[in-house]
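A.B. asks: Handing you this structure, nothing more for now.
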Amino acid sequence: MKRRQGWLFFIIFLLTFSIYLLINFPLQLGLDLKGGSQLTLQLVKEDGKVSKEELEAVNAVLDKRVNNLGVAESNLQTLGRDQLILELPGEQNPLSASRILGKTALLEFRIQKENTSSQLKNLQLQRLKINDLIEQFKSGDKRNEETSILLMDNLTEIENDINYSPNNQQLFERLVEIKKYISNEIANLFNKTNLSGKDLINAGRRQEQTNNNWEVSLSFSNDGGQKFAEITKSIAGTDKLLSIVLDGESISEASVGSQFINTGITGGAATISGNFSAENARELEVQLKGGSLPLPIEIVETNTIGPLLGSKNIVKSLYASICGLIFVGIFMIFNYRILGFVSVISLIFYGFFNLALYSLIPVTLTLPGIAGLILSIGMAVDANVLIFERIREELINGNTLIRSIDSGFQRANSSIIDGHITTFVSCFVLFLLGTNFVKGFAATLGIGVVISLFTSLNCSKTILRFLTTYQSLRQKSLYLSKSTPL
Amino acid sequence: MTSFSFNLIKNKNKIFGFSSFLILLSLIGILYSTFYTSFKKPINLGMDFIGGNELRIERSCKEECENISPDLVIEKLRTFSNNKTLLNNIKLQIQNNNSLISIRTPYLTIEESNNLISNVDKILGPLNYESKNSRIIGPKLGKKLLTNCATSLLVSLFAISLYISIRFDKKYALFALLALFHDLLIVFGIFSWLGVLLSIEVNSLFAVSLLTIAGYSVNDTVVIFDRIRENLKKNSDIYNKTIQISVNESFRRTFFTSITTLIPLLTLIIFGSYSLFWFSVSLTLGILIGSYSSILLAPSFLIKD
């Protein structure tokens with residue numbers, strides 16, 4: 001008896017501790033419950049084998065970019081061997097985040113090759129034309145047949161000039177693709193140098209004084225500043241241009257004046273002025289500050305949930321869980337009377353222990369997670385049903401109450417453990433292999449299975465033992481439903 | 001509800017017949033779905049597996065939202081955009097007293113998806129952006145998810161089989177697994193039919209439900225086999241009779257357990273979020289079939305002629 005009382009105190013202690021935990025460490029809610037955006041990023045590599053170091057390196061660069069995004073409580077974590085998950089709570093339009101994160105942002109400084117002036121001039125002209133067409137497309141009436149025919153005619157002209165025609169049939173995509181092609185061709189007229197984005201220590205942006213365009217300013221490290229000076233010195237006063245190439249596309253070409261012929265451009269700073277809008281300049285700034293990605297990434301999943309929908313989901317889940325608990329409780333009390341009452345109490349304990357563990361580990365609660373919790377209620381009760389059925393049989397066979405309870409628990413033991421292990425195996429595999437979405441379900445169901453082993457075997461027994469110390473609660477009829485013949 | 005007396009020995013063939021019938025129906029559904037549907041897959045794979053864009057958003061109307069047909073909305077969308085691949089494959093529904101818009105399209109970039117929303121806003125607006133739910137899945141991720149789900153299923157089936165065969169002797173293990181595959185096949189078949197008849201799609205949560213059903217069904221069967229084994233130790237001379245008695249003794253337990261698991265699932269179906277609806281339905285079906293197979297089908301395998 002003493003030992004049982006020890007258990008009772010232990011369980012009450014656990015309950016108080018759980019409530020304390022829940023008050024002081026509130027549950028973390030997933031984005032589907034509080035609203036926000038979630039992006040899944042996939043590392044792209046030809047052979048598909050992304051090493052741990054590469055994943056870490058990409059993670060580090062993205063982390064810097066995310067921090068510069070300025071979304072509060074954003075969270076970036078790796079998923080599996082080649083994916084990352086970015087959560088942006090409260091963010092309703094992940095477009096700008098996706099643009100900033102999705103680019104490799106490999107910055108290069110290149111020097112023009114010999115005898116390419118005429119080619120370059122032609123390409124620059126074509127780029128001007130295509131930029132113009134893109135502007136027209138953006139401002140024009142898109143369904144107006146005449147405008148699109150006109151645009152298409154101009155486009156075909158450019159395509160003929162540069163001898164390139166994309167497969168894409170959509171007008172806008174075609175325009176963008178040709179622009180990319182031209183910028184790429186321009187970059188190919190230049191030779192790489194030893195100066196790159198790695199030599200930067202900072203980047204900034206400011207509005208140009210003459211017009212509304214923005215420019216991005218670069219600060220080099222000491223070493224980078226020297227390299228920049230050498231490079232500019234080598235082409236100062238010649239007709240060769242310096243090109244700034246981002247991800248293989250030339251974004252700006254500039255000549256270096258003859259006044260720099262002796263020292264090159266010193267001071268360790270440069271600006272890129274490539275007709276940036278405020279937003280584009282900010283994106284480039286964030287990318288350059290974070291450095292370039294060692295591997296390109298692709299955004300493979302975007303999930304956006306409005307805050308209103310999130311709070312609706314919370315209310316719905318609460319309804320479902322509470323109704324589930326109440327109906328299960330009614331069913332159990334109806335069928336098992338005092339035993340049912342015991343199972344309801346241990347179910348309440350079960351609920352608290354679960355939630356406390358979620359805040360302790362911590363488990364982020366999502367919709368599938370709540371489904372796992374609700375389902376685990378059913379499984380927790382299953383163990384009770386197994387035990388109670390055994391107790392009932394023993395009672396019908398004419399055993400005393402105390403002995404029936406003891407052997408009921410003992411004999412149901414192995415079935416309960418088997419059942420819990422098979423469910424736990426499924427959860428474990430799901431947790432290892434599943435997506436983020438699935439992991440939430442596996443985690444709560446798995447935790448539920450473990451806790452239910454404790455509550456159904458130990459809590460129920462302790463409570464039952466405690467109740468049976470009262471003489472008035474020892475009548476057999478309180479343990480069997482009315483229709484059962486004794 | 002006191003005690004059951006079901007004559008398992010006599011009804012054994014009926015049970016086998018019933019199960020074979022269900023399996024046959026499922027196989028027909030799977031074959032029909034593979035060969036005679038537009039998607040040519042054993043089951044109608046949803047966006048999680050093939051990629052795409054799903055959008056749900058509420059309209060904020062002052063009183064009641066006026067009725068407008070989805071076809072008309074798509075027709076109007078054509079005046080804003082000339083993206084033919086998008087407009088020819090868009091599925092648009094307006095539900096809940098014309099207040100909830102749900103749209104399914106092939107894969108779109110975030111930018112294209114934003115454009116689509118703002119165009120819809122022009123037609124059906126104003127929209128309540130606080131209630132938006134948008135999901136974009138790239139086709140590459142879809143393929144990955146599909147293999148991921150298939151591997152999870154196979155690995156955990158293997159792990160469960162391993163556990164069962166260590167825990168029981170070969171015969172029991174084999175029959176428990178047969179009952180398990182019976183359950184999974186039928187749930188799969190039902191969803192094949194749902195895909196064919198009502199174009200219900202399955203997503204990664206469906207795979208999760210199959211896994212959960214696997215755990216549940218084996219658990220149920222194990223309990224009954226445990227009982228049979230225990231009773232056979234006591235009186236092994238009347239073999240068939242002992243099995244029948246064990247089944248009848250376990251009846252209440254299996255019945256009650258199913259009910260206590262079904263109750264929370266039903267509350268999920270009724271009150272839960274729409275994203276969990278088909279998940280709950282599939283689990284409900286699985287638990288019904290799993291209970292049947294563990295109490296009636298699995299023990300029938302053990303009955304000797």
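We name chains A, B, ... following the order of the structure tokens; residues begin at 1 in each chain, and ligands are numbered from 1 as shown.
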For chain A, which residues have at least one atom within 6 Å of chain B, if we go by only C-alpha atoms? Write them as a PyMOL selection string, please.
C.D. replies: chain A and resi 95+300-309+313+316-317+320+324+328+378+382+415+419+422-423+426+429+433+484
A.B. asks: Apply DSSP to the structure's backbone, then extract all residues of stretch 74-263 of chain B labelled strand (DSSP E) and return them as a tab-separated table (two decimals) with C-alpha atoms, in the first residue's frame.
C.D. replies:
```
chain	number	residue	atom	x	y	z
B	91	LYS	CA	-10.37	24.26	-61.37
B	92	LEU	CA	-12.43	26.80	-59.54
B	93	GLN	CA	-15.13	26.19	-56.97
B	94	ILE	CA	-17.24	28.57	-54.94
B	95	GLN	CA	-18.61	27.09	-51.75
B	100	LEU	CA	-15.39	30.56	-50.13
B	101	ILE	CA	-13.32	30.35	-53.29
B	102	SER	CA	-11.06	27.38	-53.86
B	103	ILE	CA	-8.80	27.18	-56.88
B	104	ARG	CA	-6.54	24.44	-58.16
B	105	THR	CA	-4.07	25.04	-60.94
B	127	LEU	CA	-11.34	39.18	-50.74
B	128	ASN	CA	-10.42	38.61	-47.15
B	129	TYR	CA	-6.66	38.07	-47.30
B	130	GLU	CA	-6.56	37.20	-43.62
B	131	SER	CA	-8.29	33.94	-44.51
B	132	LYS	CA	-6.00	33.02	-47.38
B	133	ASN	CA	-4.45	29.61	-47.65
B	134	SER	CA	-2.13	29.10	-50.56
B	135	ARG	CA	0.03	26.10	-51.24
B	136	ILE	CA	2.47	25.81	-54.11
B	137	ILE	CA	4.30	22.56	-54.70
```
A.B. asks: Just how far from atom CA of B:Thr284 is atom CA of B:Phe181, in Å to one decimal?
C.D. replies: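 Straight-line distance from atom CA of B:Phe181 to atom CA of B:Thr284 works out to 16.7 Å.
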A.B. asks: Record the distance separating atom CA of B:Glu63 and atom CA of B:Ser99, expressed in Å with one decimal.
C.D. replies: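 Result for atom CA of B:Glu63 versus atom CA of B:Ser99: 10.3 Å, one decimal.
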A.B. asks: Could you name the residues that touch B:Trp193 at 10 Å or less, counting only C-alpha atoms, but leaving out those on the same chain fewer than 2 positions away, as an NGL selection string?
C.D. replies: :B and (25-30 or 32-33 or 42-44 or 187-191 or 195-200)
A.B. asks: Please produce a file of the residues just selected, as a CSV table (one decimal), in the first residue's frame, where the atoms kept are C-alpha atoms.
C.D. replies:
```
chain,number,residue,atom,x,y,z
B,25,LEU,CA,-13.8,-4.8,-55.7
B,26,SER,CA,-10.6,-2.9,-54.7
B,27,LEU,CA,-8.5,-4.6,-57.4
B,28,ILE,CA,-11.1,-3.6,-60.0
B,29,GLY,CA,-11.1,-0.1,-58.7
B,30,ILE,CA,-7.3,0.0,-58.9
B,32,TYR,CA,-9.9,0.7,-63.6
B,33,SER,CA,-8.2,3.8,-62.2
B,42,PRO,CA,-3.8,3.2,-59.5
B,43,ILE,CA,-5.0,6.1,-57.4
B,44,ASN,CA,-5.8,9.7,-58.1
B,187,VAL,CA,-8.7,1.2,-48.0
B,188,PHE,CA,-6.5,1.9,-51.0
B,189,GLY,CA,-9.2,0.4,-53.3
B,190,ILE,CA,-11.9,2.6,-51.7
B,191,PHE,CA,-9.8,5.6,-52.4
B,195,GLY,CA,-10.8,9.0,-57.2
B,196,VAL,CA,-12.6,7.5,-60.2
B,197,LEU,CA,-16.1,8.5,-59.1
B,198,LEU,CA,-15.7,11.7,-57.2
B,199,SER,CA,-12.2,12.8,-58.3
B,200,ILE,CA,-11.1,12.7,-54.7
```
A.B. asks: Given the choices A:Leu41, A:Leu33, A:Leu241, A:Leu395, which gets closest to A:Pro296 if the distance is worked out from only C-alpha atoms?
C.D. replies: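 Of the candidates, the smallest distance to A:Pro296 is held by A:Leu41.
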A.B. asks: Please report the interatomic distance between atom CA of A:Gly274 and atom CA of A:Glu215 in Å with one decimal.
C.D. replies: 7.0 Å
A.B. asks: Give me, as JSON lines, the closest atom pair and its distance (Å, one decimal) for every residue of stretch 248-365 of chain A within a cut-off of 6 Å of stretch 18-31 of chain A, counting only C-alpha atoms, rows sorted by chain and rising number.
C.D. replies:
```
{"residue": "A:Ala356", "atom": "CA", "partner": "A:Ser18", "partner_atom": "CA", "distance": 4.9}
{"residue": "A:Ser359", "atom": "CA", "partner": "A:Leu27", "partner_atom": "CA", "distance": 5.2}
{"residue": "A:Thr364", "atom": "CA", "partner": "A:Gln28", "partner_atom": "CA", "distance": 4.9}
{"residue": "A:Leu365", "atom": "CA", "partner": "A:Leu29", "partner_atom": "CA", "distance": 4.9}
```
A.B. asks: Tell me, as a PDB file with N, CA and C atoms, in the first residue's frame, which residues lie within 12 Å of stretch 146-150 of chain A, counting only C-alpha atoms; anything in the same chain fewer than 5 positions away does not count.
C.D. replies:
```
ATOM      1  N   LEU A 133      10.804  46.883 -74.273  1.00  0.00           N
ATOM      2  CA  LEU A 133       9.633  46.041 -74.541  1.00  0.00           C
ATOM      3  C   LEU A 133       9.023  45.547 -73.237  1.00  0.00           C
ATOM      4  N   ILE A 134       9.895  45.172 -72.291  1.00  0.00           N
ATOM      5  CA  ILE A 134       9.383  44.665 -71.008  1.00  0.00           C
ATOM      6  C   ILE A 134       8.592  45.766 -70.308  1.00  0.00           C
ATOM      7  N   GLN A 136       7.059  48.240 -71.744  1.00  0.00           N
ATOM      8  CA  GLN A 136       5.802  48.390 -72.492  1.00  0.00           C
ATOM      9  C   GLN A 136       4.805  47.320 -72.100  1.00  0.00           C
ATOM     10  N   PHE A 137       5.316  46.086 -71.974  1.00  0.00           N
ATOM     11  CA  PHE A 137       4.432  44.971 -71.635  1.00  0.00           C
ATOM     12  C   PHE A 137       3.811  45.196 -70.275  1.00  0.00           C
ATOM     13  N   LYS A 138       4.644  45.646 -69.323  1.00  0.00           N
ATOM     14  CA  LYS A 138       4.149  45.821 -67.953  1.00  0.00           C
ATOM     15  C   LYS A 138       3.096  46.918 -67.872  1.00  0.00           C
ATOM     16  N   SER A 139       3.311  48.008 -68.623  1.00  0.00           N
ATOM     17  CA  SER A 139       2.373  49.114 -68.485  1.00  0.00           C
ATOM     18  C   SER A 139       1.174  48.969 -69.424  1.00  0.00           C
ATOM     19  N   GLY A 140       1.361  48.177 -70.505  1.00  0.00           N
ATOM     20  CA  GLY A 140       0.322  48.112 -71.527  1.00  0.00           C
ATOM     21  C   GLY A 140      -0.881  47.277 -71.138  1.00  0.00           C
ATOM     22  N   ASP A 141      -1.898  47.353 -71.966  1.00  0.00           N
ATOM     23  CA  ASP A 141      -3.100  46.556 -71.787  1.00  0.00           C
ATOM     24  C   ASP A 141      -2.825  45.175 -72.373  1.00  0.00           C
ATOM     25  N   LEU A 155       9.800  41.865 -80.894  1.00  0.00           N
ATOM     26  CA  LEU A 155      10.531  40.770 -80.277  1.00  0.00           C
ATOM     27  C   LEU A 155      11.197  39.908 -81.348  1.00  0.00           C
ATOM     28  N   THR A 156      10.424  39.592 -82.382  1.00  0.00           N
ATOM     29  CA  THR A 156      10.969  38.751 -83.456  1.00  0.00           C
ATOM     30  C   THR A 156      12.177  39.413 -84.106  1.00  0.00           C
ATOM     31  N   GLU A 157      12.093  40.740 -84.229  1.00  0.00           N
ATOM     32  CA  GLU A 157      13.205  41.486 -84.805  1.00  0.00           C
ATOM     33  C   GLU A 157      14.479  41.284 -83.974  1.00  0.00           C
ATOM     34  N   GLN A 170       4.758  31.880 -74.077  1.00  0.00           N
ATOM     35  CA  GLN A 170       4.199  33.027 -73.372  1.00  0.00           C
ATOM     36  C   GLN A 170       5.046  34.267 -73.651  1.00  0.00           C
ATOM     37  N   LEU A 171       4.381  35.335 -74.011  1.00  0.00           N
ATOM     38  CA  LEU A 171       5.106  36.536 -74.428  1.00  0.00           C
ATOM     39  C   LEU A 171       6.055  37.045 -73.345  1.00  0.00           C
ATOM     40  N   PHE A 172       5.526  37.172 -72.113  1.00  0.00           N
ATOM     41  CA  PHE A 172       6.341  37.773 -71.065  1.00  0.00           C
ATOM     42  C   PHE A 172       7.563  36.912 -70.744  1.00  0.00           C
ATOM     43  N   LEU A 175      10.166  37.339 -73.293  1.00  0.00           N
ATOM     44  CA  LEU A 175      10.909  38.595 -73.121  1.00  0.00           C
ATOM     45  C   LEU A 175      11.993  38.430 -72.058  1.00  0.00           C
TER      46      LEU A 175
ATOM     47  N   ASN B  82      -3.477  35.995 -70.560  1.00  0.00           N
ATOM     48  CA  ASN B  82      -3.555  35.115 -71.729  1.00  0.00           C
ATOM     49  C   ASN B  82      -2.719  33.854 -71.547  1.00  0.00           C
TER      50      ASN B  82
END
```
A.B. asks: Which polymer residues have any atom within 12 Å of an atom of A:Asn115, counting only C-alpha atoms, with same-chain residues fewer than 3 positions away left out, as a list of chain:residue names?
C.D. replies: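 Counting only C-alpha atoms, the residues come to A:Gln112, A:Ser118, A:Gln119, A:Leu120, A:Lys121, A:Leu189, A:Phe190, A:Thr238, A:Asp239, A:Lys240, A:Leu241.
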A.B. asks: Would you please work out which residue, of A:Phe276, A:Phe220, A:Phe228, A:Phe353, is nearest to A:Gln207 when using only C-alpha atoms?
C.D. replies: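 So, comparing all the options, the nearest one is A:Phe276.
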A.B. asks: Considering only C-alpha atoms, return as an NGL selection string whatever protein or nucleic-acid residues lie within 9 Å of A:Ile370, sequence-local ones (same chain, fewer than 3 positions apart) excluded.
C.D. replies: :A and (317-318 or 321 or 365-367 or 373-375 or 440-441 or 444-445)
A.B. asks: Find the spatial neighbours of A:Phe334, counting only C-alpha atoms, within a cut-off of 12 Å - ignore same-chain residues fewer than 5 positions away - and output them as a short mmCIF file (atom, residue, chain, number, x, y, z; two decimals) with N, CA and C atoms, in the first residue's frame.
C.D. replies:
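around_4.cif was written with the following content:
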```
data_model
loop_
_atom_site.label_atom_id
_atom_site.label_comp_id
_atom_site.auth_asym_id
_atom_site.auth_seq_id
_atom_site.Cartn_x
_atom_site.Cartn_y
_atom_site.Cartn_z
N PHE A 327 -16.96 12.73 -25.33
CA PHE A 327 -17.75 11.58 -25.77
C PHE A 327 -17.09 10.26 -25.36
N VAL A 328 -15.77 10.21 -25.48
CA VAL A 328 -15.07 9.00 -25.05
C VAL A 328 -15.31 8.78 -23.55
N GLY A 329 -15.23 9.90 -22.78
CA GLY A 329 -15.46 9.81 -21.34
C GLY A 329 -16.85 9.27 -21.03
N LEU A 339 -14.72 2.19 -13.08
CA LEU A 339 -13.52 2.00 -13.89
C LEU A 339 -13.46 3.06 -14.98
N GLY A 340 -14.61 3.35 -15.59
CA GLY A 340 -14.69 4.37 -16.62
C GLY A 340 -14.27 5.72 -16.07
N PHE A 341 -14.73 6.00 -14.86
CA PHE A 341 -14.38 7.24 -14.20
C PHE A 341 -12.85 7.33 -14.02
N SER A 343 -10.65 5.87 -15.86
CA SER A 343 -9.99 6.08 -17.15
C SER A 343 -10.13 7.54 -17.59
N VAL A 344 -11.26 8.18 -17.23
CA VAL A 344 -11.42 9.59 -17.59
C VAL A 344 -10.37 10.43 -16.87
N LEU A 478 -20.53 -1.64 -8.68
CA LEU A 478 -20.07 -0.37 -9.21
C LEU A 478 -19.08 -0.56 -10.35
N TYR A 479 -18.62 -1.78 -10.51
CA TYR A 479 -17.58 -2.02 -11.50
C TYR A 479 -18.10 -2.72 -12.76
N LEU A 480 -19.36 -3.17 -12.68
CA LEU A 480 -19.92 -3.86 -13.83
C LEU A 480 -21.16 -3.11 -14.29
N SER A 481 -21.40 -3.12 -15.58
CA SER A 481 -22.62 -2.46 -16.04
C SER A 481 -23.81 -3.29 -15.61
N LYS A 482 -24.96 -2.63 -15.52
CA LYS A 482 -26.14 -3.23 -14.91
C LYS A 482 -26.51 -4.58 -15.50
N SER A 483 -26.38 -4.68 -16.81
CA SER A 483 -26.90 -5.87 -17.48
C SER A 483 -26.05 -7.12 -17.22
N PHE B 256 -15.31 -2.19 -28.37
CA PHE B 256 -15.18 -0.97 -27.57
C PHE B 256 -14.00 -0.13 -28.02
#
```
